[in-house]
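A.B. asks: Below is the file start-v5.csv, which contains CSV, C-alpha atoms and all ligand atoms.
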chain,number,residue,atom,x,y,z
H,234,MET,CA,-7.3,-6.0,17.9
H,235,LEU,CA,-5.8,-6.2,14.4
H,236,LYS,CA,-2.0,-6.0,14.4
H,237,VAL,CA,-0.7,-4.1,11.4
H,238,VAL,CA,2.8,-3.9,9.9
H,239,VAL,CA,3.3,-1.2,7.2
H,240,CYS,CA,5.9,-1.5,4.5
H,241,VAL,CA,7.2,1.7,3.0
H,242,SER,CA,9.9,3.1,0.6
H,243,GLY,CA,9.7,6.8,0.7
H,244,GLY,CA,7.7,9.8,1.8
H,245,GLY,CA,5.1,7.8,3.8
H,246,THR,CA,2.1,10.0,3.2
H,247,ASN,CA,-0.1,6.9,3.1
H,248,LEU,CA,1.5,5.7,6.3
H,249,GLN,CA,0.8,9.1,7.8
H,250,ALA,CA,-2.9,8.9,6.7
H,251,ILE,CA,-3.4,5.6,8.5
H,252,ILE,CA,-1.5,6.8,11.6
H,253,ASP,CA,-3.7,9.8,11.7
H,254,ALA,CA,-6.8,7.7,11.1
H,255,VAL,CA,-6.1,5.4,14.1
H,256,ALA,CA,-5.3,8.5,16.2
H,257,SER,CA,-8.6,10.1,15.3
H,258,GLY,CA,-10.7,6.9,15.7
H,259,LYS,CA,-11.5,6.7,11.9
H,260,ILE,CA,-9.8,3.3,12.1
H,261,THR,CA,-10.7,1.2,15.1
H,262,ASN,CA,-9.6,-2.1,16.6
H,263,THR,CA,-6.2,-1.7,15.1
H,264,GLU,CA,-2.6,-1.3,16.5
H,265,PHE,CA,0.6,-0.8,14.6
H,266,VAL,CA,3.3,-3.4,15.4
H,267,GLY,CA,6.0,-2.0,13.0
H,268,VAL,CA,7.1,-0.1,9.9
H,269,ILE,CA,9.5,-1.7,7.5
H,270,SER,CA,11.4,0.4,4.9
H,271,ASN,CA,13.6,-0.9,2.2
H,272,ASN,CA,15.4,2.5,2.1
H,273,TYR,CA,17.4,4.3,4.8
H,274,GLY,CA,16.8,7.9,5.7
H,275,VAL,CA,13.4,8.3,4.3
H,276,LYS,CA,10.6,10.5,5.8
H,277,SER,CA,8.4,7.4,6.4
H,278,ILE,CA,10.8,6.2,9.1
H,279,GLU,CA,10.6,9.6,10.8
H,280,ARG,CA,6.9,9.5,10.7
H,281,ALA,CA,6.9,6.0,12.3
H,282,GLN,CA,9.3,7.1,15.0
H,283,LYS,CA,7.3,10.2,15.8
H,284,ALA,CA,4.2,8.0,16.2
H,285,GLY,CA,6.2,5.6,18.5
H,286,ILE,CA,6.0,2.7,16.0
H,287,PRO,CA,9.0,0.4,15.9
H,288,ALA,CA,10.8,1.1,12.6
H,289,TYR,CA,13.1,-1.2,10.7
H,290,VAL,CA,15.2,-0.8,7.5
H,291,LEU,CA,15.8,-3.9,5.4
H,292,SER,CA,17.7,-2.7,2.4
H,293,PRO,CA,18.4,-5.3,-0.4
H,294,LYS,CA,21.9,-3.8,-0.5
H,295,ASP,CA,22.5,-5.2,3.0
H,296,PHE,CA,22.0,-8.8,1.8
H,297,ALA,CA,24.1,-11.1,-0.4
H,298,ASP,CA,21.2,-11.6,-2.9
H,299,ARG,CA,17.5,-11.1,-3.4
H,300,ALA,CA,16.7,-14.5,-1.9
H,301,GLU,CA,18.4,-13.6,1.4
H,302,PHE,CA,16.5,-10.2,1.4
H,303,ASN,CA,13.2,-12.0,0.8
H,304,ASP,CA,13.9,-14.4,3.6
H,305,ALA,CA,14.8,-11.5,6.0
H,306,LEU,CA,11.6,-9.6,5.0
H,307,LEU,CA,9.4,-12.6,5.7
H,308,ALA,CA,11.1,-13.2,9.0
H,309,LYS,CA,10.8,-9.6,10.1
H,310,VAL,CA,7.1,-9.5,9.2
H,311,LYS,CA,6.5,-12.6,11.2
H,312,GLU,CA,8.6,-11.3,14.1
H,313,THR,CA,6.3,-8.3,14.4
H,314,GLY,CA,3.4,-10.6,15.0
H,315,ALA,CA,1.3,-8.8,12.3
H,316,ASP,CA,-2.1,-10.0,11.3
H,317,LEU,CA,-2.1,-7.7,8.3
H,318,VAL,CA,0.7,-6.4,6.0
H,319,VAL,CA,0.0,-2.9,4.5
H,320,LEU,CA,2.1,-1.9,1.5
H,321,ALA,CA,2.0,1.9,1.5
H,322,GLY,CA,4.2,3.1,-1.3
H,323,PHE,CA,6.4,0.0,-1.0
H,324,LEU,CA,8.4,-0.4,-4.2
H,325,VAL,CA,9.6,-3.9,-3.7
H,326,ARG,CA,8.4,-7.1,-5.4
H,327,ILE,CA,6.6,-9.1,-2.6
H,328,PRO,CA,8.3,-12.5,-2.2
H,329,GLU,CA,6.1,-15.5,-3.1
H,330,ALA,CA,6.7,-17.0,0.3
H,331,LEU,CA,5.2,-13.9,2.0
H,332,VAL,CA,2.2,-13.9,-0.3
H,333,LYS,CA,1.6,-17.6,0.5
H,334,GLU,CA,2.0,-17.1,4.3
H,335,TYR,CA,-0.2,-14.0,4.3
H,336,SER,CA,-2.8,-15.0,1.7
H,337,ASN,CA,-5.4,-12.2,1.5
H,338,ARG,CA,-3.7,-10.5,4.5
H,339,ILE,CA,-1.5,-8.2,2.4
H,340,VAL,CA,-3.1,-4.9,1.2
H,341,ASN,CA,-1.6,-2.5,-1.4
H,342,ILE,CA,-2.6,1.0,-2.5
H,343,HIS,CA,-2.1,1.6,-6.2
H,344,PRO,CA,-2.5,5.1,-7.7
H,345,SER,CA,-4.8,4.2,-10.6
H,346,LEU,CA,-8.1,2.5,-11.3
H,347,ILE,CA,-6.8,-1.1,-11.8
H,348,PRO,CA,-6.6,-2.7,-14.4
H,349,SER,CA,-5.5,0.6,-16.0
H,350,PHE,CA,-1.9,1.8,-15.6
H,351,CYS,CA,-0.7,-1.0,-13.4
H,352,GLY,CA,1.7,-3.9,-13.5
H,353,VAL,CA,5.5,-4.0,-14.0
H,354,GLY,CA,7.0,-0.5,-14.4
H,355,TYR,CA,3.8,1.3,-13.2
H,356,TYR,CA,4.7,3.0,-9.9
H,357,GLY,CA,4.8,6.5,-8.4
H,358,LEU,CA,4.8,9.4,-11.0
H,359,LYS,CA,5.1,7.0,-13.9
H,360,VAL,CA,1.5,6.0,-13.4
H,361,HIS,CA,0.2,9.6,-13.7
H,362,GLU,CA,2.5,10.3,-16.7
H,363,LYS,CA,0.9,7.4,-18.5
H,364,ALA,CA,-2.7,8.5,-17.5
H,365,LEU,CA,-2.0,12.0,-18.9
H,366,GLU,CA,-0.3,10.6,-22.0
H,367,ARG,CA,-3.4,8.5,-22.7
H,368,GLY,CA,-5.7,11.5,-22.0
H,369,VAL,CA,-8.1,9.7,-19.6
H,370,LYS,CA,-10.7,12.0,-18.1
H,371,TYR,CA,-10.7,10.1,-14.8
H,372,THR,CA,-8.0,8.2,-13.0
H,373,GLY,CA,-8.0,7.4,-9.3
H,374,ALA,CA,-6.7,4.8,-6.8
H,375,THR,CA,-7.3,1.2,-6.0
H,376,VAL,CA,-6.8,-0.7,-2.7
H,377,HIS,CA,-6.5,-4.4,-3.2
H,378,PHE,CA,-5.3,-7.7,-1.6
H,379,VAL,CA,-1.9,-8.8,-2.9
H,380,ASN,CA,-1.5,-12.1,-4.7
H,381,GLU,CA,1.4,-13.6,-6.7
H,382,GLY,CA,0.7,-11.3,-9.6
H,383,MET,CA,1.6,-7.6,-9.8
H,384,ASP,CA,-1.4,-5.4,-8.9
H,385,GLU,CA,-3.7,-8.4,-9.8
H,386,GLY,CA,-5.2,-9.3,-6.4
H,387,PRO,CA,-8.8,-9.0,-5.4
H,388,ILE,CA,-9.9,-5.4,-5.4
H,389,ILE,CA,-11.2,-4.1,-2.1
H,390,ALA,CA,-12.2,-0.5,-3.1
H,391,GLN,CA,-11.6,2.1,-5.8
H,392,LYS,CA,-12.2,5.9,-6.0
H,393,PRO,CA,-12.2,7.9,-9.2
H,394,VAL,CA,-10.4,11.3,-9.5
H,395,ALA,CA,-11.0,13.8,-12.3
H,396,VAL,CA,-8.1,14.7,-14.5
H,397,GLU,CA,-8.1,18.5,-15.1
H,398,ASP,CA,-6.8,20.6,-18.0
H,399,GLY,CA,-3.2,21.6,-17.4
H,400,ASP,CA,-2.5,18.8,-14.9
H,401,THR,CA,1.1,17.8,-14.6
H,402,ALA,CA,2.0,14.4,-13.3
H,403,GLU,CA,2.9,16.0,-10.0
H,404,ILE,CA,-0.4,17.9,-9.6
H,405,LEU,CA,-2.4,14.8,-10.6
H,406,GLN,CA,-0.4,12.6,-8.2
H,407,ARG,CA,-1.2,14.9,-5.3
H,408,ARG,CA,-4.9,15.1,-6.2
H,409,VAL,CA,-5.1,11.3,-6.4
H,410,MET,CA,-3.3,11.0,-3.0
H,411,GLU,CA,-5.6,13.6,-1.3
H,412,GLN,CA,-8.9,12.6,-2.9
H,413,ALA,CA,-8.4,8.8,-3.1
H,414,GLU,CA,-5.4,7.1,-1.6
H,415,TRP,CA,-5.5,8.7,1.8
H,416,ILE,CA,-9.2,7.9,2.1
H,417,LEU,CA,-9.3,4.4,0.6
H,418,LEU,CA,-6.4,2.9,2.6
H,419,PRO,CA,-7.7,3.9,6.1
H,420,GLN,CA,-11.2,2.7,5.1
H,421,ALA,CA,-9.9,-0.6,3.9
H,422,ILE,CA,-7.9,-1.2,7.1
H,423,ASP,CA,-10.9,-0.3,9.2
H,424,ASP,CA,-13.1,-2.7,7.2
H,425,ILE,CA,-10.6,-5.5,7.7
H,426,ALA,CA,-10.1,-4.7,11.4
H,427,ASN,CA,-13.9,-4.9,11.9
H,428,ASP,CA,-14.4,-8.0,9.8
H,429,ARG,CA,-16.7,-6.3,7.3
H,430,ILE,CA,-15.2,-7.9,4.1
H,431,GLU,CA,-14.2,-11.3,2.9
H,432,VAL,CA,-12.8,-12.8,-0.4
H,433,VAL,CA,-15.2,-15.1,-2.2
H,434,ASN,CA,-14.2,-16.7,-5.5
H,435,ASN,CA,-11.3,-14.2,-5.7
H,436,LYS,CA,-13.6,-11.2,-5.3
H,437,VAL,CA,-14.0,-9.0,-2.3
H,438,VAL,CA,-17.6,-8.9,-0.9
H,439,ARG,CA,-19.0,-7.1,2.1
H,440,LYS,CA,-20.3,-9.5,4.8
B,1,LIG,C1,2.0,7.0,-3.9
B,1,LIG,O1,1.7,7.5,-5.2
B,1,LIG,C2,1.4,5.7,-3.7
B,1,LIG,O2,0.2,5.5,-4.4
B,1,LIG,C3,2.4,4.7,-4.3
B,1,LIG,O3,3.6,5.3,-3.8
B,1,LIG,C4,3.5,6.7,-3.8
B,1,LIG,C5,4.2,7.3,-2.6
B,1,LIG,O4,3.4,7.0,-1.5
B,1,LIG,N1,2.1,3.4,-3.9
B,1,LIG,P1,3.8,7.5,0.0
B,1,LIG,O5,3.8,9.0,0.0
B,1,LIG,O6,5.2,7.0,0.3
B,1,LIG,O7,2.8,6.9,0.9
Would you mind giving the structure from this file in structure tokens?
Ligand code: GRF
C.D. replies:
Amino acid sequence: MLKVVVCVSGGGTNLQAIIDAVASGKITNTEFVGVISNNYGVKSIERAQKAGIPAYVLSPKDFADRAEFNDALLAKVKETGADLVVLAGFLVRIPEALVKEYSNRIVNIHPSLIPSFCGVGYYGLKVHEKALERGVKYTGATVHFVNEGMDEGPIIAQKPVAVEDGDTAEILQRRVMEQAEWILLPQAIDDIANDRIEVVNNKVVRK
């Protein structure tokens, strides 16, 4: 049974997608051991509580400095006993010590086709604003393992989404969530839970 801890920052629609996927059997062999938010009072905490998943808030504001927060985050992840860390809309730089301790065991969902529109400063609506500004005909989402870089880890899966005339960043974000993020993340977790993929020479291959 794969033990999964999910890190969130806001609405938690990706968290909800994986909660629903476990409940419906789309994800098998998986149990949630915790949800960790860096913000108080966000909907993702409510979603976790409704699903009976232990929810924790670790706000950087509650710590003397970033190093203390980073230590607390690593300690909390380890305390949950998680095998896999899922970053679902988690807007925090992952501490190097956590990346080292959970090498190829941290998964992130990014709302673009990496390497487009990713890296420092590319998160949430900003990603879609830049895609519209560039005039791409397709964008999409990427689920990848997290390494010490920003959005640079081995890619697990991607899904293209058409950009339509008249799209605003909000409309495009919603389409990318519905047609890509909420499909890719559950599929990736199910693949990992059922030992279908591995990382070879920094590339993800199916076994
Ligand atoms: C989504 O666009 C996701 O791709 C990004 O954060 C945004 C909010 O996600 N990582 P959620 O609704 O909190 O899951």
A.B. asks: Would you please work out which residue, of H:Thr401, H:Ser345, H:Ser336, H:Ser292, is nearest to H:Glu366 when using all atoms listed in the file?
C.D. replies: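 Among H:Thr401, H:Ser345, H:Ser336, H:Ser292, it is H:Thr401 that comes nearest to H:Glu366.
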A.B. asks: Record the distance separating atom CA of H:Val325 and atom CA of H:Gly368, expressed in Å with one decimal.
C.D. replies: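 Rounded to one decimal, the two atoms are 28.4 Å apart.
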A.B. asks: Would you work out the distance separating atom CA of H:Ile251 from atom CA of H:Leu365, expressed in Å to one decimal?
C.D. replies: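 Computing it gives 28.2 Å between the two atoms.
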A.B. asks: Using all atoms listed in the file, which residues have at least one atom no more than 6 Å from ligand LIG 1 (chain B)? Output them as a list in words.
C.D. replies: Gly243, Gly244, Gly245, Thr246, Asn247, Leu248, Ala321, Gly322, Ile342, His343, Pro344 and Gly357 of chain H
A.B. asks: Using all atoms listed in the file, can you tell me which of H:Gly352, H:Gly285, H:Gly373, H:Gly258 comes closest to H:Val409?
C.D. replies: H:Gly373
A.B. asks: Can you tell me, as a list of chain:residue names, what residues are no more than 6 Å from H:Ser270 when counting all atoms listed in the file, ignoring any on the same chain fewer than 2 positions away?
C.D. replies: H:Cys240, H:Val241, H:Ser242, H:Asn272, H:Val290
A.B. asks: What's around H:Glu362 at 12 Å? Count only C-alpha atoms, leave out sequence neighbours fewer than 6 positions away in its own chain, and write the answer as an mmCIF file with C-alpha atoms, keeping the file's coordinate frame.
C.D. replies:
data_model
loop_
_atom_site.group_PDB
_atom_site.id
_atom_site.type_symbol
_atom_site.label_atom_id
_atom_site.label_comp_id
_atom_site.auth_asym_id
_atom_site.auth_seq_id
_atom_site.Cartn_x
_atom_site.Cartn_y
_atom_site.Cartn_z
ATOM 1 C CA PRO H 344 -2.500 5.100 -7.700
ATOM 2 C CA SER H 345 -4.800 4.200 -10.600
ATOM 3 C CA PHE H 350 -1.900 1.800 -15.600
ATOM 4 C CA GLY H 354 7.000 -0.500 -14.400
ATOM 5 C CA TYR H 355 3.800 1.300 -13.200
ATOM 6 C CA TYR H 356 4.700 3.000 -9.900
ATOM 7 C CA GLY H 368 -5.700 11.500 -22.000
ATOM 8 C CA VAL H 369 -8.100 9.700 -19.600
ATOM 9 C CA THR H 372 -8.000 8.200 -13.000
ATOM 10 C CA VAL H 396 -8.100 14.700 -14.500
ATOM 11 C CA ASP H 400 -2.500 18.800 -14.900
ATOM 12 C CA THR H 401 1.100 17.800 -14.600
ATOM 13 C CA ALA H 402 2.000 14.400 -13.300
ATOM 14 C CA GLU H 403 2.900 16.000 -10.000
ATOM 15 C CA ILE H 404 -0.400 17.900 -9.600
ATOM 16 C CA LEU H 405 -2.400 14.800 -10.600
ATOM 17 C CA GLN H 406 -0.400 12.600 -8.200
#
A.B. asks: For atom CA of H:Lys276 and atom CA of H:Thr261, quote the distance in Å rounded to one decimal.
C.D. replies: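 It comes out at 25.0 Å.
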A.B. asks: I'd like a table as a tab-separated table: residues in stretch 292-393 of chain H with an atom no more than 10 Å from stretch 429-433 of chain H, each row giving the shortest atom pair and its distance in Å to one decimal, only C-alpha atoms counted, sorted by chain and rising residue number.
C.D. replies:
residue	atom	partner	partner_atom	distance
H:Asn337	CA	H:Val432	CA	7.7
H:Phe378	CA	H:Val432	CA	9.1
H:Pro387	CA	H:Val432	CA	7.4
H:Ile388	CA	H:Val432	CA	9.4
H:Ile389	CA	H:Ile430	CA	8.3
A.B. asks: Which is closer to H:Val319 than all the others in H:Ala390, H:Ile286, H:Leu418, H:Ile347, using only C-alpha atoms?
C.D. replies: H:Leu418
A.B. asks: Given the choices H:Val310, H:Ala250, H:Met234, H:Ile416, which gets closest to H:Ala284 if the distance is worked out from all atoms listed in the file?
C.D. replies: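 Closest residue, counting all atoms listed in the file: H:Ala250.
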A.B. asks: Check the smallest atom-to-atom distance from each of H:Ala421, H:Val360, H:Ala308, H:Ala300 to H:Arg326 using all atoms listed in the file, then report the winner.
C.D. replies: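 Looking at the shortest contact to H:Arg326, the residue is H:Ala300.
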A.B. asks: Export stretch 310-434 of chain H of the preceding structure, keeping C-alpha atoms, as a PDB file, in the first residue's frame.
C.D. replies:
ATOM      1  CA  VAL H 310       6.622  14.626   5.945  1.00  0.00           C
ATOM      2  CA  LYS H 311       8.730  11.943   7.639  1.00  0.00           C
ATOM      3  CA  GLU H 312       6.372  11.860  10.647  1.00  0.00           C
ATOM      4  CA  THR H 313       3.465  10.943   8.348  1.00  0.00           C
ATOM      5  CA  GLY H 314       5.377   7.875   7.178  1.00  0.00           C
ATOM      6  CA  ALA H 315       4.737   8.805   3.544  1.00  0.00           C
ATOM      7  CA  ASP H 316       6.326   6.817   0.723  1.00  0.00           C
ATOM      8  CA  LEU H 317       5.366   9.466  -1.839  1.00  0.00           C
ATOM      9  CA  VAL H 318       5.040  13.248  -1.565  1.00  0.00           C
ATOM     10  CA  VAL H 319       2.513  14.806  -3.982  1.00  0.00           C
ATOM     11  CA  LEU H 320       2.752  18.558  -4.622  1.00  0.00           C
ATOM     12  CA  ALA H 321      -0.766  19.602  -5.657  1.00  0.00           C
ATOM     13  CA  GLY H 322      -0.736  23.345  -6.152  1.00  0.00           C
ATOM     14  CA  PHE H 323       2.013  23.719  -3.528  1.00  0.00           C
ATOM     15  CA  LEU H 324       3.609  27.129  -3.986  1.00  0.00           C
ATOM     16  CA  VAL H 325       6.660  26.562  -1.800  1.00  0.00           C
ATOM     17  CA  ARG H 326      10.256  25.926  -2.926  1.00  0.00           C
ATOM     18  CA  ILE H 327      10.964  22.329  -1.890  1.00  0.00           C
ATOM     19  CA  PRO H 328      13.933  22.181   0.498  1.00  0.00           C
ATOM     20  CA  GLU H 329      17.016  20.423  -0.873  1.00  0.00           C
ATOM     21  CA  ALA H 330      17.063  18.075   2.142  1.00  0.00           C
ATOM     22  CA  LEU H 331      13.536  16.895   1.278  1.00  0.00           C
ATOM     23  CA  VAL H 332      14.459  16.345  -2.378  1.00  0.00           C
ATOM     24  CA  LYS H 333      17.502  14.307  -1.283  1.00  0.00           C
ATOM     25  CA  GLU H 334      15.567  12.237   1.287  1.00  0.00           C
ATOM     26  CA  TYR H 335      12.732  11.560  -1.196  1.00  0.00           C
ATOM     27  CA  SER H 336      14.668  11.228  -4.441  1.00  0.00           C
ATOM     28  CA  ASN H 337      12.224  10.365  -7.235  1.00  0.00           C
ATOM     29  CA  ARG H 338       9.493  10.110  -4.581  1.00  0.00           C
ATOM     30  CA  ILE H 339       8.148  13.666  -4.913  1.00  0.00           C
ATOM     31  CA  VAL H 340       5.649  14.340  -7.700  1.00  0.00           C
ATOM     32  CA  ASN H 341       4.504  17.759  -8.937  1.00  0.00           C
ATOM     33  CA  ILE H 342       1.725  18.815 -11.304  1.00  0.00           C
ATOM     34  CA  HIS H 343       2.571  21.856 -13.414  1.00  0.00           C
ATOM     35  CA  PRO H 344      -0.011  23.595 -15.625  1.00  0.00           C
ATOM     36  CA  SER H 345       2.009  23.719 -18.873  1.00  0.00           C
ATOM     37  CA  LEU H 346       3.856  21.415 -21.255  1.00  0.00           C
ATOM     38  CA  ILE H 347       7.303  21.602 -19.614  1.00  0.00           C
ATOM     39  CA  PRO H 348       9.814  23.021 -20.656  1.00  0.00           C
ATOM     40  CA  SER H 349       7.435  25.755 -21.818  1.00  0.00           C
ATOM     41  CA  PHE H 350       6.189  28.319 -19.302  1.00  0.00           C
ATOM     42  CA  CYS H 351       7.848  26.878 -16.230  1.00  0.00           C
ATOM     43  CA  GLY H 352      10.576  27.725 -13.736  1.00  0.00           C
ATOM     44  CA  VAL H 353      10.873  30.638 -11.314  1.00  0.00           C
ATOM     45  CA  GLY H 354       7.817  32.900 -11.371  1.00  0.00           C
ATOM     46  CA  TYR H 355       5.650  30.516 -13.430  1.00  0.00           C
ATOM     47  CA  TYR H 356       2.795  29.367 -11.221  1.00  0.00           C
ATOM     48  CA  GLY H 357      -1.009  29.527 -11.145  1.00  0.00           C
ATOM     49  CA  LEU H 358      -2.610  32.042 -13.523  1.00  0.00           C
ATOM     50  CA  LYS H 359       0.729  33.525 -14.549  1.00  0.00           C
ATOM     51  CA  VAL H 360       1.484  30.363 -16.544  1.00  0.00           C
ATOM     52  CA  HIS H 361      -1.686  30.751 -18.608  1.00  0.00           C
ATOM     53  CA  GLU H 362      -1.212  34.495 -19.063  1.00  0.00           C
ATOM     54  CA  LYS H 363       2.208  33.810 -20.608  1.00  0.00           C
ATOM     55  CA  ALA H 364       0.826  31.051 -22.853  1.00  0.00           C
ATOM     56  CA  LEU H 365      -1.878  33.425 -24.146  1.00  0.00           C
ATOM     57  CA  GLU H 366       0.676  36.232 -24.540  1.00  0.00           C
ATOM     58  CA  ARG H 367       2.889  33.946 -26.664  1.00  0.00           C
ATOM     59  CA  GLY H 368      -0.090  32.818 -28.711  1.00  0.00           C
ATOM     60  CA  VAL H 369       0.534  29.079 -28.424  1.00  0.00           C
ATOM     61  CA  LYS H 370      -2.162  26.908 -30.026  1.00  0.00           C
ATOM     62  CA  TYR H 371      -1.683  24.144 -27.473  1.00  0.00           C
ATOM     63  CA  THR H 372      -0.721  24.227 -23.822  1.00  0.00           C
ATOM     64  CA  GLY H 373      -1.432  21.512 -21.263  1.00  0.00           C
ATOM     65  CA  ALA H 374      -0.078  20.014 -18.058  1.00  0.00           C
ATOM     66  CA  THR H 375       2.922  17.997 -16.939  1.00  0.00           C
ATOM     67  CA  VAL H 376       3.329  15.657 -14.005  1.00  0.00           C
ATOM     68  CA  HIS H 377       6.964  15.104 -13.086  1.00  0.00           C
ATOM     69  CA  PHE H 378       9.284  13.933 -10.345  1.00  0.00           C
ATOM     70  CA  VAL H 379      10.837  16.798  -8.396  1.00  0.00           C
ATOM     71  CA  ASN H 380      14.593  17.256  -8.341  1.00  0.00           C
ATOM     72  CA  GLU H 381      16.744  20.104  -7.056  1.00  0.00           C
ATOM     73  CA  GLY H 382      15.766  22.300 -10.019  1.00  0.00           C
ATOM     74  CA  MET H 383      12.466  24.155 -10.508  1.00  0.00           C
ATOM     75  CA  ASP H 384      10.129  22.093 -12.728  1.00  0.00           C
ATOM     76  CA  GLU H 385      13.185  20.249 -14.113  1.00  0.00           C
ATOM     77  CA  GLY H 386      12.732  16.701 -12.797  1.00  0.00           C
ATOM     78  CA  PRO H 387      12.023  13.604 -14.919  1.00  0.00           C
ATOM     79  CA  ILE H 388       8.696  13.941 -16.748  1.00  0.00           C
ATOM     80  CA  ILE H 389       6.164  11.218 -15.918  1.00  0.00           C
ATOM     81  CA  ALA H 390       3.349  12.287 -18.254  1.00  0.00           C
ATOM     82  CA  GLN H 391       1.974  15.209 -20.224  1.00  0.00           C
ATOM     83  CA  LYS H 392      -1.367  16.048 -21.798  1.00  0.00           C
ATOM     84  CA  PRO H 393      -1.993  18.742 -24.441  1.00  0.00           C
ATOM     85  CA  VAL H 394      -4.940  21.115 -24.214  1.00  0.00           C
ATOM     86  CA  ALA H 395      -6.118  23.352 -27.077  1.00  0.00           C
ATOM     87  CA  VAL H 396      -6.099  27.110 -26.620  1.00  0.00           C
ATOM     88  CA  GLU H 397      -9.315  28.579 -28.030  1.00  0.00           C
ATOM     89  CA  ASP H 398     -10.052  32.022 -29.469  1.00  0.00           C
ATOM     90  CA  GLY H 399     -11.264  34.360 -26.774  1.00  0.00           C
ATOM     91  CA  ASP H 400      -9.706  32.391 -23.932  1.00  0.00           C
ATOM     92  CA  THR H 401      -8.905  34.365 -20.830  1.00  0.00           C
ATOM     93  CA  ALA H 402      -6.266  33.077 -18.410  1.00  0.00           C
ATOM     94  CA  GLU H 403      -9.049  31.961 -16.073  1.00  0.00           C
ATOM     95  CA  ILE H 404     -10.923  30.047 -18.803  1.00  0.00           C
ATOM     96  CA  LEU H 405      -7.706  28.410 -20.003  1.00  0.00           C
ATOM     97  CA  GLN H 406      -6.651  27.490 -16.439  1.00  0.00           C
ATOM     98  CA  ARG H 407      -9.965  25.774 -15.854  1.00  0.00           C
ATOM     99  CA  ARG H 408      -9.734  23.855 -19.131  1.00  0.00           C
ATOM    100  CA  VAL H 409      -6.170  22.733 -18.343  1.00  0.00           C
ATOM    101  CA  MET H 410      -7.296  21.574 -14.894  1.00  0.00           C
ATOM    102  CA  GLU H 411     -10.345  19.683 -16.206  1.00  0.00           C
ATOM    103  CA  GLN H 412      -8.770  18.179 -19.326  1.00  0.00           C
ATOM    104  CA  ALA H 413      -5.230  17.566 -18.081  1.00  0.00           C
ATOM    105  CA  GLU H 414      -4.269  18.107 -14.428  1.00  0.00           C
ATOM    106  CA  TRP H 415      -7.135  16.231 -12.830  1.00  0.00           C
ATOM    107  CA  ILE H 416      -6.481  13.284 -15.178  1.00  0.00           C
ATOM    108  CA  LEU H 417      -2.683  13.180 -15.162  1.00  0.00           C
ATOM    109  CA  LEU H 418      -2.089  13.381 -11.412  1.00  0.00           C
ATOM    110  CA  PRO H 419      -4.357  10.456 -10.443  1.00  0.00           C
ATOM    111  CA  GLN H 420      -2.933   8.363 -13.300  1.00  0.00           C
ATOM    112  CA  ALA H 421       0.635   9.067 -12.177  1.00  0.00           C
ATOM    113  CA  ILE H 422      -0.103   8.144  -8.562  1.00  0.00           C
ATOM    114  CA  ASP H 423      -1.815   4.920  -9.664  1.00  0.00           C
ATOM    115  CA  ASP H 424       1.187   4.062 -11.865  1.00  0.00           C
ATOM    116  CA  ILE H 425       3.589   4.638  -8.967  1.00  0.00           C
ATOM    117  CA  ALA H 426       1.387   2.756  -6.484  1.00  0.00           C
ATOM    118  CA  ASN H 427       1.308  -0.222  -8.850  1.00  0.00           C
ATOM    119  CA  ASP H 428       4.992  -0.092  -9.724  1.00  0.00           C
ATOM    120  CA  ARG H 429       4.478   0.547 -13.447  1.00  0.00           C
ATOM    121  CA  ILE H 430       7.182   3.204 -13.933  1.00  0.00           C
ATOM    122  CA  GLU H 431      10.823   3.748 -13.053  1.00  0.00           C
ATOM    123  CA  VAL H 432      13.500   6.401 -13.640  1.00  0.00           C
ATOM    124  CA  VAL H 433      16.368   5.297 -15.903  1.00  0.00           C
ATOM    125  CA  ASN H 434      19.092   7.806 -16.841  1.00  0.00           C
TER     126      ASN H 434
END
